[in-house]
>>> print(open('start38.cif').read())   # mmCIF, N, CA and C atoms
data_run
loop_
_atom_site.label_atom_id
_atom_site.label_comp_id
_atom_site.auth_asym_id
_atom_site.auth_seq_id
_atom_site.Cartn_x
_atom_site.Cartn_y
_atom_site.Cartn_z
N GLU A 7 1.01 37.53 11.67
CA GLU A 7 -0.34 37.98 11.96
C GLU A 7 -0.49 39.48 11.74
N ILE A 8 0.51 40.23 12.18
CA ILE A 8 0.46 41.69 12.01
C ILE A 8 0.48 42.03 10.52
N GLU A 9 1.28 41.32 9.76
CA GLU A 9 1.34 41.54 8.32
C GLU A 9 -0.04 41.29 7.68
N ILE A 10 -0.71 40.26 8.11
CA ILE A 10 -2.02 39.91 7.56
C ILE A 10 -3.06 40.95 7.96
N VAL A 11 -3.08 41.36 9.21
CA VAL A 11 -4.06 42.36 9.64
C VAL A 11 -3.79 43.70 8.95
N ASN A 12 -2.54 43.99 8.67
CA ASN A 12 -2.23 45.22 7.94
C ASN A 12 -2.76 45.17 6.51
N LYS A 13 -2.70 44.00 5.87
CA LYS A 13 -3.26 43.86 4.52
C LYS A 13 -4.78 44.10 4.57
N LEU A 14 -5.43 43.56 5.58
CA LEU A 14 -6.87 43.77 5.74
C LEU A 14 -7.16 45.26 5.93
N TYR A 15 -6.43 45.89 6.82
CA TYR A 15 -6.65 47.30 7.11
C TYR A 15 -6.39 48.16 5.87
N ASP A 16 -5.34 47.85 5.14
CA ASP A 16 -5.04 48.60 3.91
C ASP A 16 -6.17 48.46 2.90
N ALA A 17 -6.72 47.26 2.76
CA ALA A 17 -7.83 47.04 1.83
C ALA A 17 -9.04 47.88 2.24
N ILE A 18 -9.28 47.97 3.53
CA ILE A 18 -10.39 48.79 4.03
C ILE A 18 -10.13 50.26 3.73
N MET A 19 -8.93 50.73 4.00
CA MET A 19 -8.59 52.14 3.79
C MET A 19 -8.60 52.53 2.31
N LYS A 20 -8.31 51.58 1.44
CA LYS A 20 -8.32 51.85 0.00
C LYS A 20 -9.72 51.67 -0.59
N ASN A 21 -10.70 51.39 0.27
CA ASN A 21 -12.07 51.17 -0.17
C ASN A 21 -12.18 50.08 -1.23
N GLU A 22 -11.42 49.01 -1.02
CA GLU A 22 -11.51 47.90 -1.96
C GLU A 22 -12.89 47.27 -1.84
N ASP A 23 -13.26 46.47 -2.83
CA ASP A 23 -14.60 45.88 -2.81
C ASP A 23 -14.73 44.88 -1.67
N ILE A 24 -15.96 44.62 -1.30
CA ILE A 24 -16.25 43.78 -0.14
C ILE A 24 -15.68 42.38 -0.29
N ALA A 25 -15.65 41.85 -1.50
CA ALA A 25 -15.10 40.50 -1.72
C ALA A 25 -13.61 40.46 -1.35
N GLU A 26 -12.89 41.50 -1.71
CA GLU A 26 -11.46 41.58 -1.39
C GLU A 26 -11.26 41.71 0.12
N ILE A 27 -12.06 42.54 0.74
CA ILE A 27 -11.96 42.73 2.19
C ILE A 27 -12.31 41.44 2.91
N LEU A 28 -13.33 40.75 2.46
CA LEU A 28 -13.70 39.45 3.06
C LEU A 28 -12.57 38.43 2.92
N LYS A 29 -11.90 38.46 1.78
CA LYS A 29 -10.78 37.54 1.57
C LYS A 29 -9.69 37.79 2.61
N TYR A 30 -9.35 39.06 2.81
CA TYR A 30 -8.31 39.39 3.79
C TYR A 30 -8.79 39.12 5.22
N PHE A 31 -10.07 39.37 5.49
CA PHE A 31 -10.60 39.11 6.82
C PHE A 31 -10.53 37.61 7.12
N ASP A 32 -10.91 36.80 6.14
CA ASP A 32 -10.87 35.35 6.30
C ASP A 32 -9.44 34.86 6.56
N GLU A 33 -8.49 35.42 5.82
CA GLU A 33 -7.08 35.06 6.02
C GLU A 33 -6.64 35.45 7.44
N PHE A 34 -7.03 36.63 7.87
CA PHE A 34 -6.69 37.10 9.21
C PHE A 34 -7.32 36.20 10.29
N LEU A 35 -8.61 35.92 10.16
CA LEU A 35 -9.30 35.10 11.14
C LEU A 35 -8.69 33.70 11.22
N ASN A 36 -8.39 33.10 10.08
CA ASN A 36 -7.78 31.77 10.08
C ASN A 36 -6.41 31.78 10.73
N ASP A 37 -5.65 32.83 10.50
CA ASP A 37 -4.34 32.93 11.12
C ASP A 37 -4.46 33.07 12.64
N VAL A 38 -5.40 33.87 13.09
CA VAL A 38 -5.62 34.03 14.53
C VAL A 38 -6.03 32.69 15.15
N ILE A 39 -6.94 31.98 14.51
CA ILE A 39 -7.38 30.67 15.02
C ILE A 39 -6.20 29.71 15.10
N ASN A 40 -5.39 29.64 14.05
CA ASN A 40 -4.23 28.75 14.07
C ASN A 40 -3.22 29.13 15.15
N HIS A 41 -3.00 30.43 15.29
CA HIS A 41 -2.06 30.92 16.31
C HIS A 41 -2.56 30.55 17.71
N PHE A 42 -3.82 30.86 17.99
CA PHE A 42 -4.38 30.56 19.30
C PHE A 42 -4.37 29.06 19.59
N THR A 43 -4.71 28.26 18.60
CA THR A 43 -4.75 26.80 18.77
C THR A 43 -3.36 26.26 19.11
N PHE A 44 -2.35 26.73 18.39
CA PHE A 44 -0.98 26.31 18.65
C PHE A 44 -0.54 26.70 20.06
N GLU A 45 -0.78 27.95 20.39
CA GLU A 45 -0.38 28.47 21.70
C GLU A 45 -1.10 27.72 22.83
N GLN A 46 -2.39 27.50 22.67
CA GLN A 46 -3.17 26.79 23.69
C GLN A 46 -2.72 25.35 23.84
N GLY A 47 -2.32 24.74 22.73
CA GLY A 47 -1.80 23.37 22.80
C GLY A 47 -0.55 23.28 23.66
N LEU A 48 0.33 24.25 23.49
CA LEU A 48 1.55 24.28 24.32
C LEU A 48 1.21 24.54 25.79
N MET A 49 0.28 25.46 26.03
CA MET A 49 -0.09 25.75 27.42
C MET A 49 -0.68 24.52 28.10
N GLU A 50 -1.51 23.79 27.38
CA GLU A 50 -2.10 22.57 27.95
C GLU A 50 -1.04 21.50 28.17
N LYS A 51 -0.21 21.29 27.17
CA LYS A 51 0.82 20.25 27.24
C LYS A 51 1.74 20.43 28.45
N TYR A 52 2.09 21.69 28.73
CA TYR A 52 3.04 21.96 29.80
C TYR A 52 2.38 22.52 31.06
N ASN A 53 1.07 22.33 31.17
CA ASN A 53 0.31 22.71 32.37
C ASN A 53 0.57 24.14 32.82
N PHE A 54 0.42 25.06 31.88
CA PHE A 54 0.62 26.47 32.19
C PHE A 54 -0.40 26.90 33.25
N PHE A 55 0.08 27.48 34.32
CA PHE A 55 -0.74 27.81 35.48
C PHE A 55 -1.88 28.79 35.17
N ALA A 56 -1.70 29.65 34.19
CA ALA A 56 -2.73 30.65 33.87
C ALA A 56 -3.49 30.29 32.59
N TYR A 57 -3.46 29.03 32.22
CA TYR A 57 -4.12 28.61 30.99
C TYR A 57 -5.59 29.00 30.92
N PRO A 58 -6.39 28.75 31.96
CA PRO A 58 -7.82 29.10 31.84
C PRO A 58 -8.06 30.59 31.54
N MET A 59 -7.30 31.46 32.17
CA MET A 59 -7.46 32.89 31.96
C MET A 59 -7.00 33.28 30.55
N HIS A 60 -5.86 32.74 30.13
CA HIS A 60 -5.32 33.05 28.81
C HIS A 60 -6.27 32.53 27.73
N ARG A 61 -6.76 31.32 27.92
CA ARG A 61 -7.70 30.72 26.97
C ARG A 61 -8.98 31.55 26.88
N ALA A 62 -9.46 32.03 28.01
CA ALA A 62 -10.68 32.84 28.02
C ALA A 62 -10.50 34.12 27.20
N GLU A 63 -9.33 34.71 27.27
CA GLU A 63 -9.04 35.90 26.45
C GLU A 63 -9.08 35.56 24.97
N HIS A 64 -8.46 34.45 24.62
CA HIS A 64 -8.50 34.00 23.22
C HIS A 64 -9.94 33.77 22.77
N ASP A 65 -10.71 33.09 23.59
CA ASP A 65 -12.10 32.80 23.25
C ASP A 65 -12.92 34.08 23.06
N ARG A 66 -12.68 35.04 23.93
CA ARG A 66 -13.41 36.31 23.83
C ARG A 66 -13.10 37.02 22.52
N VAL A 67 -11.82 37.10 22.17
CA VAL A 67 -11.42 37.78 20.94
C VAL A 67 -11.93 37.02 19.71
N LEU A 68 -11.88 35.70 19.75
CA LEU A 68 -12.41 34.92 18.63
C LEU A 68 -13.91 35.15 18.46
N TYR A 69 -14.62 35.26 19.55
CA TYR A 69 -16.06 35.54 19.47
C TYR A 69 -16.29 36.90 18.79
N GLU A 70 -15.51 37.88 19.20
CA GLU A 70 -15.64 39.21 18.60
C GLU A 70 -15.32 39.17 17.09
N LEU A 71 -14.25 38.48 16.73
CA LEU A 71 -13.86 38.40 15.33
C LEU A 71 -14.90 37.66 14.49
N LYS A 72 -15.45 36.60 15.04
CA LYS A 72 -16.48 35.86 14.31
C LYS A 72 -17.77 36.68 14.18
N SER A 73 -18.07 37.48 15.18
CA SER A 73 -19.23 38.38 15.09
C SER A 73 -19.00 39.44 14.01
N LEU A 74 -17.78 39.95 13.95
CA LEU A 74 -17.43 40.93 12.90
C LEU A 74 -17.53 40.29 11.52
N GLU A 75 -17.06 39.08 11.42
CA GLU A 75 -17.12 38.38 10.13
C GLU A 75 -18.58 38.24 9.68
N LYS A 76 -19.44 37.90 10.61
CA LYS A 76 -20.86 37.75 10.28
C LYS A 76 -21.44 39.09 9.81
N MET A 77 -21.14 40.17 10.52
CA MET A 77 -21.61 41.50 10.12
C MET A 77 -21.10 41.89 8.74
N LEU A 78 -19.84 41.57 8.51
CA LEU A 78 -19.22 41.91 7.24
C LEU A 78 -19.90 41.14 6.10
N LYS A 79 -20.16 39.86 6.31
CA LYS A 79 -20.78 39.04 5.27
C LYS A 79 -22.24 39.40 5.06
N GLU A 80 -22.97 39.64 6.14
CA GLU A 80 -24.40 39.88 6.03
C GLU A 80 -24.76 41.31 5.66
N LYS A 81 -23.97 42.27 6.18
CA LYS A 81 -24.34 43.68 6.00
C LYS A 81 -23.29 44.50 5.25
N GLY A 82 -22.13 43.90 4.99
CA GLY A 82 -21.06 44.66 4.34
C GLY A 82 -20.56 45.80 5.21
N ASP A 83 -20.61 45.60 6.53
CA ASP A 83 -20.29 46.65 7.50
C ASP A 83 -18.77 46.81 7.67
N ILE A 84 -18.18 47.52 6.74
CA ILE A 84 -16.73 47.72 6.75
C ILE A 84 -16.32 48.70 7.83
N LYS A 85 -17.15 49.71 8.08
CA LYS A 85 -16.82 50.74 9.08
C LYS A 85 -16.64 50.12 10.47
N THR A 86 -17.50 49.19 10.84
CA THR A 86 -17.38 48.56 12.16
C THR A 86 -16.09 47.75 12.27
N VAL A 87 -15.71 47.08 11.18
CA VAL A 87 -14.46 46.32 11.18
C VAL A 87 -13.28 47.27 11.34
N LYS A 88 -13.29 48.37 10.60
CA LYS A 88 -12.22 49.37 10.71
C LYS A 88 -12.12 49.91 12.14
N ASP A 89 -13.26 50.28 12.71
CA ASP A 89 -13.28 50.79 14.08
C ASP A 89 -12.76 49.76 15.07
N TYR A 90 -13.15 48.51 14.88
CA TYR A 90 -12.69 47.43 15.77
C TYR A 90 -11.17 47.28 15.69
N LEU A 91 -10.65 47.24 14.48
CA LEU A 91 -9.20 47.07 14.31
C LEU A 91 -8.43 48.21 14.97
N GLU A 92 -8.92 49.44 14.79
CA GLU A 92 -8.22 50.60 15.32
C GLU A 92 -8.37 50.74 16.83
N ASN A 93 -9.58 50.56 17.32
CA ASN A 93 -9.88 50.93 18.71
C ASN A 93 -9.97 49.78 19.69
N VAL A 94 -10.07 48.57 19.18
CA VAL A 94 -10.19 47.42 20.07
C VAL A 94 -9.02 46.45 19.86
N PHE A 95 -8.88 45.96 18.64
CA PHE A 95 -7.88 44.92 18.40
C PHE A 95 -6.45 45.43 18.60
N LYS A 96 -6.13 46.57 18.02
CA LYS A 96 -4.75 47.08 18.14
C LYS A 96 -4.33 47.26 19.60
N PRO A 97 -5.10 47.98 20.43
CA PRO A 97 -4.68 48.09 21.83
C PRO A 97 -4.68 46.75 22.55
N TRP A 98 -5.64 45.88 22.19
CA TRP A 98 -5.71 44.57 22.84
C TRP A 98 -4.47 43.75 22.52
N ILE A 99 -4.08 43.67 21.24
CA ILE A 99 -2.95 42.82 20.88
C ILE A 99 -1.65 43.33 21.50
N ILE A 100 -1.49 44.64 21.56
CA ILE A 100 -0.29 45.19 22.20
C ILE A 100 -0.25 44.79 23.67
N ASN A 101 -1.36 44.97 24.36
CA ASN A 101 -1.43 44.61 25.78
C ASN A 101 -1.27 43.10 25.98
N HIS A 102 -1.92 42.32 25.14
CA HIS A 102 -1.89 40.86 25.28
C HIS A 102 -0.46 40.33 25.12
N VAL A 103 0.26 40.85 24.13
CA VAL A 103 1.64 40.41 23.91
C VAL A 103 2.53 40.83 25.08
N GLN A 104 2.34 42.06 25.56
CA GLN A 104 3.19 42.58 26.63
C GLN A 104 2.90 41.92 27.98
N THR A 105 1.72 41.36 28.15
CA THR A 105 1.36 40.79 29.44
C THR A 105 1.23 39.27 29.34
N MET A 106 0.10 38.79 28.91
CA MET A 106 -0.17 37.35 28.91
C MET A 106 0.82 36.55 28.07
N ASP A 107 1.11 37.00 26.85
CA ASP A 107 2.02 36.24 26.00
C ASP A 107 3.44 36.25 26.55
N THR A 108 3.85 37.35 27.15
CA THR A 108 5.20 37.41 27.71
C THR A 108 5.34 36.43 28.88
N VAL A 109 4.37 36.42 29.76
CA VAL A 109 4.40 35.49 30.90
C VAL A 109 4.35 34.05 30.40
N THR A 110 3.50 33.80 29.42
CA THR A 110 3.38 32.45 28.86
C THR A 110 4.69 32.02 28.23
N ALA A 111 5.31 32.89 27.45
CA ALA A 111 6.58 32.56 26.80
C ALA A 111 7.67 32.28 27.82
N MET A 112 7.70 33.06 28.88
CA MET A 112 8.72 32.84 29.92
C MET A 112 8.51 31.47 30.57
N TYR A 113 7.28 31.13 30.85
CA TYR A 113 6.97 29.83 31.44
C TYR A 113 7.36 28.69 30.48
N LEU A 114 6.89 28.81 29.23
CA LEU A 114 7.15 27.74 28.26
C LEU A 114 8.62 27.59 27.90
N SER A 115 9.41 28.65 28.08
CA SER A 115 10.84 28.56 27.76
C SER A 115 11.55 27.55 28.65
N ASN A 116 10.92 27.18 29.75
CA ASN A 116 11.50 26.15 30.63
C ASN A 116 11.31 24.75 30.06
N PHE A 117 10.46 24.60 29.04
CA PHE A 117 10.14 23.27 28.52
C PHE A 117 10.49 23.08 27.05
N VAL A 118 10.41 24.15 26.28
CA VAL A 118 10.63 23.99 24.83
C VAL A 118 11.86 24.75 24.36
#
>>> encode(input="start38.cif", output="structure tokens")
Amino acid sequence: EIEIVNKLYDAIMKNEDIAEILKYFDEFLNDVINHFTFEQGLMEKYNFFAYPMHRAEHDRVLYELKSLEKMLKEKGDIKTVKDYLENVFKPWIINHVQTMDTVTAMYLSNFV
């Protein structure tokens, strides 16, 4: 996922055309959706105690990403995507991995 988001960010920084940026954004969004779906499936299967809270975080971020995708497609708003990646997504993913994902992984390690 980090590799994919870096490709998107690099395309933005190189001022590539909107079609190329949309291609990378779509790849990134699909990867996030697949990752969240897989993770949520495991949390449900093994009755993870904090599933509702963890799922709500995923849902919130997906809503933000889908809103960005819409802006990008409708308005070509690359600056907002760049700002989001730098100021929202990057700190969020670091915190999410260090907190929610770490607790989830520790819990799931008892089953898988």
>>> resolve_selection(input="start38.cif", expression="the PyMOL selection byres ((chain A and resi 100-117) around 8)", output="number ranges by chain")
A: 48-49, 52, 54-56, 60, 94-99, 118
>>> atom_distance(input="start38.cif", atom1="atom C of A:Met19", atom2="atom N of A:Asp65")
28.9 Å
>>> atom_distance(input="start38.cif", atom1="atom CA of A:Asp23", atom2="atom CA of A:Glu7")
22.0 Å
>>> select_by_dssp(input="start38.cif", residues="chain A", states="alpha helix (DSSP H)", output="NGL selection string")
:A and (8-19 or 24-51 or 57-81 or 84-90 or 96-102 or 108-114)
>>> atom_distance(input="start38.cif", atom1="atom C of A:Glu75", atom2="atom C of A:Phe31")
8.5 Å
>>> residues_around(input="start38.cif", residues="stretch 11-15 of chain A", least_positions_apart="6", cutoff="10 Å", atoms="only C-alpha atoms", output="tab-separated table (two decimals) with N, CA and C atoms, in the coordinates of the input")
chain	number	residue	atom	x	y	z
A	21	ASN	N	-10.70	51.39	0.27
A	21	ASN	CA	-12.07	51.17	-0.17
A	21	ASN	C	-12.18	50.08	-1.23
A	22	GLU	N	-11.42	49.01	-1.02
A	22	GLU	CA	-11.51	47.90	-1.96
A	22	GLU	C	-12.89	47.27	-1.84
A	26	GLU	N	-12.89	41.50	-1.71
A	26	GLU	CA	-11.46	41.58	-1.39
A	26	GLU	C	-11.26	41.71	0.12
A	27	ILE	N	-12.06	42.54	0.74
A	27	ILE	CA	-11.96	42.73	2.19
A	27	ILE	C	-12.31	41.44	2.91
A	28	LEU	N	-13.33	40.75	2.46
A	28	LEU	CA	-13.70	39.45	3.06
A	28	LEU	C	-12.57	38.43	2.92
A	29	LYS	N	-11.90	38.46	1.78
A	29	LYS	CA	-10.78	37.54	1.57
A	29	LYS	C	-9.69	37.79	2.61
A	30	TYR	N	-9.35	39.06	2.81
A	30	TYR	CA	-8.31	39.39	3.79
A	30	TYR	C	-8.79	39.12	5.22
A	31	PHE	N	-10.07	39.37	5.49
A	31	PHE	CA	-10.60	39.11	6.82
A	31	PHE	C	-10.53	37.61	7.12
A	32	ASP	N	-10.91	36.80	6.14
A	32	ASP	CA	-10.87	35.35	6.30
A	32	ASP	C	-9.44	34.86	6.56
A	33	GLU	N	-8.49	35.42	5.82
A	33	GLU	CA	-7.08	35.06	6.02
A	33	GLU	C	-6.64	35.45	7.44
A	34	PHE	N	-7.03	36.63	7.87
A	34	PHE	CA	-6.69	37.10	9.21
A	34	PHE	C	-7.32	36.20	10.29
A	35	LEU	N	-8.61	35.92	10.16
A	35	LEU	CA	-9.30	35.10	11.14
A	35	LEU	C	-8.69	33.70	11.22
A	37	ASP	N	-5.65	32.83	10.50
A	37	ASP	CA	-4.34	32.93	11.12
A	37	ASP	C	-4.46	33.07	12.64
A	38	VAL	N	-5.40	33.87	13.09
A	38	VAL	CA	-5.62	34.03	14.53
A	38	VAL	C	-6.03	32.69	15.15
A	87	VAL	N	-15.71	47.08	11.18
A	87	VAL	CA	-14.46	46.32	11.18
A	87	VAL	C	-13.28	47.27	11.34
A	88	LYS	N	-13.29	48.37	10.60
A	88	LYS	CA	-12.22	49.37	10.71
A	88	LYS	C	-12.12	49.91	12.14
A	91	LEU	N	-10.65	47.24	14.48
A	91	LEU	CA	-9.20	47.07	14.31
A	91	LEU	C	-8.43	48.21	14.97
A	92	GLU	N	-8.92	49.44	14.79
A	92	GLU	CA	-8.22	50.60	15.32
A	92	GLU	C	-8.37	50.74	16.83
A	95	PHE	N	-8.88	45.96	18.64
A	95	PHE	CA	-7.88	44.92	18.40
A	95	PHE	C	-6.45	45.43	18.60
A	96	LYS	N	-6.13	46.57	18.02
A	96	LYS	CA	-4.75	47.08	18.14
A	96	LYS	C	-4.33	47.26	19.60
>>> build_atoms(input="start38.cif", residues="stretch 38-49 of chain A", atoms="all heavy atoms", output="mmCIF file, keeping the file's coordinate frame")
data_model
loop_
_atom_site.group_PDB
_atom_site.id
_atom_site.type_symbol
_atom_site.label_atom_id
_atom_site.label_comp_id
_atom_site.auth_asym_id
_atom_site.auth_seq_id
_atom_site.Cartn_x
_atom_site.Cartn_y
_atom_site.Cartn_z
ATOM 1 N N VAL A 38 -5.400 33.870 13.090
ATOM 2 C CA VAL A 38 -5.620 34.030 14.530
ATOM 3 C C VAL A 38 -6.030 32.690 15.150
ATOM 4 O O VAL A 38 -5.504 32.297 16.197
ATOM 5 C CB VAL A 38 -6.691 35.117 14.817
ATOM 6 C CG1 VAL A 38 -7.111 35.106 16.270
ATOM 7 C CG2 VAL A 38 -6.169 36.491 14.429
ATOM 8 N N ILE A 39 -6.940 31.980 14.510
ATOM 9 C CA ILE A 39 -7.380 30.670 15.020
ATOM 10 C C ILE A 39 -6.200 29.710 15.100
ATOM 11 O O ILE A 39 -6.012 29.041 16.136
ATOM 12 C CB ILE A 39 -8.507 30.098 14.130
ATOM 13 C CG1 ILE A 39 -9.785 30.915 14.317
ATOM 14 C CG2 ILE A 39 -8.749 28.618 14.440
ATOM 15 C CD1 ILE A 39 -10.879 30.619 13.304
ATOM 16 N N ASN A 40 -5.390 29.640 14.050
ATOM 17 C CA ASN A 40 -4.230 28.750 14.070
ATOM 18 C C ASN A 40 -3.220 29.130 15.150
ATOM 19 O O ASN A 40 -2.678 28.275 15.838
ATOM 20 C CB ASN A 40 -3.545 28.739 12.695
ATOM 21 C CG ASN A 40 -4.385 28.052 11.651
ATOM 22 O OD1 ASN A 40 -5.201 27.183 11.942
ATOM 23 N ND2 ASN A 40 -4.205 28.445 10.408
ATOM 24 N N HIS A 41 -3.000 30.430 15.290
ATOM 25 C CA HIS A 41 -2.060 30.920 16.310
ATOM 26 C C HIS A 41 -2.560 30.550 17.710
ATOM 27 O O HIS A 41 -1.813 30.015 18.526
ATOM 28 C CB HIS A 41 -1.896 32.432 16.168
ATOM 29 C CG HIS A 41 -1.043 33.032 17.229
ATOM 30 N ND1 HIS A 41 0.309 33.206 17.083
ATOM 31 C CD2 HIS A 41 -1.349 33.484 18.468
ATOM 32 C CE1 HIS A 41 0.803 33.745 18.192
ATOM 33 N NE2 HIS A 41 -0.184 33.929 19.038
ATOM 34 N N PHE A 42 -3.820 30.860 17.990
ATOM 35 C CA PHE A 42 -4.380 30.560 19.300
ATOM 36 C C PHE A 42 -4.370 29.060 19.590
ATOM 37 O O PHE A 42 -4.055 28.629 20.696
ATOM 38 C CB PHE A 42 -5.805 31.094 19.427
ATOM 39 C CG PHE A 42 -5.924 32.593 19.570
ATOM 40 C CD1 PHE A 42 -7.179 33.176 19.634
ATOM 41 C CD2 PHE A 42 -4.826 33.427 19.654
ATOM 42 C CE1 PHE A 42 -7.327 34.548 19.780
ATOM 43 C CE2 PHE A 42 -4.955 34.802 19.796
ATOM 44 C CZ PHE A 42 -6.220 35.363 19.858
ATOM 45 N N THR A 43 -4.710 28.260 18.600
ATOM 46 C CA THR A 43 -4.750 26.800 18.770
ATOM 47 C C THR A 43 -3.360 26.260 19.110
ATOM 48 O O THR A 43 -3.205 25.442 20.016
ATOM 49 C CB THR A 43 -5.299 26.126 17.498
ATOM 50 O OG1 THR A 43 -6.628 26.611 17.258
ATOM 51 C CG2 THR A 43 -5.330 24.617 17.629
ATOM 52 N N PHE A 44 -2.350 26.730 18.390
ATOM 53 C CA PHE A 44 -0.980 26.310 18.650
ATOM 54 C C PHE A 44 -0.540 26.700 20.060
ATOM 55 O O PHE A 44 -0.013 25.887 20.820
ATOM 56 C CB PHE A 44 -0.035 26.918 17.605
ATOM 57 C CG PHE A 44 1.412 26.641 17.876
ATOM 58 C CD1 PHE A 44 1.950 25.383 17.623
ATOM 59 C CD2 PHE A 44 2.242 27.625 18.394
ATOM 60 C CE1 PHE A 44 3.288 25.115 17.885
ATOM 61 C CE2 PHE A 44 3.578 27.366 18.664
ATOM 62 C CZ PHE A 44 4.103 26.109 18.406
ATOM 63 N N GLU A 45 -0.780 27.950 20.390
ATOM 64 C CA GLU A 45 -0.380 28.470 21.700
ATOM 65 C C GLU A 45 -1.100 27.720 22.830
ATOM 66 O O GLU A 45 -0.490 27.343 23.829
ATOM 67 C CB GLU A 45 -0.719 29.957 21.742
ATOM 68 C CG GLU A 45 -0.092 30.728 22.864
ATOM 69 C CD GLU A 45 -0.368 32.214 22.713
ATOM 70 O OE1 GLU A 45 0.349 32.887 21.943
ATOM 71 O OE2 GLU A 45 -1.308 32.696 23.371
ATOM 72 N N GLN A 46 -2.390 27.500 22.670
ATOM 73 C CA GLN A 46 -3.170 26.790 23.690
ATOM 74 C C GLN A 46 -2.720 25.350 23.840
ATOM 75 O O GLN A 46 -2.701 24.804 24.946
ATOM 76 C CB GLN A 46 -4.661 26.873 23.358
ATOM 77 C CG GLN A 46 -5.204 28.269 23.539
ATOM 78 C CD GLN A 46 -6.556 28.511 22.897
ATOM 79 O OE1 GLN A 46 -6.975 29.650 22.836
ATOM 80 N NE2 GLN A 46 -7.235 27.500 22.403
ATOM 81 N N GLY A 47 -2.320 24.740 22.730
ATOM 82 C CA GLY A 47 -1.800 23.370 22.800
ATOM 83 C C GLY A 47 -0.550 23.280 23.660
ATOM 84 O O GLY A 47 -0.401 22.359 24.472
ATOM 85 N N LEU A 48 0.330 24.250 23.490
ATOM 86 C CA LEU A 48 1.550 24.280 24.320
ATOM 87 C C LEU A 48 1.210 24.540 25.790
ATOM 88 O O LEU A 48 1.792 23.913 26.682
ATOM 89 C CB LEU A 48 2.511 25.361 23.816
ATOM 90 C CG LEU A 48 3.220 25.086 22.499
ATOM 91 C CD1 LEU A 48 4.035 26.302 22.066
ATOM 92 C CD2 LEU A 48 4.101 23.855 22.604
ATOM 93 N N MET A 49 0.280 25.460 26.030
ATOM 94 C CA MET A 49 -0.090 25.750 27.420
ATOM 95 C C MET A 49 -0.680 24.520 28.100
ATOM 96 O O MET A 49 -0.366 24.247 29.260
ATOM 97 C CB MET A 49 -1.070 26.927 27.473
ATOM 98 C CG MET A 49 -0.438 28.268 27.151
ATOM 99 S SD MET A 49 -1.537 29.677 27.462
ATOM 100 C CE MET A 49 -2.607 29.638 26.030
#
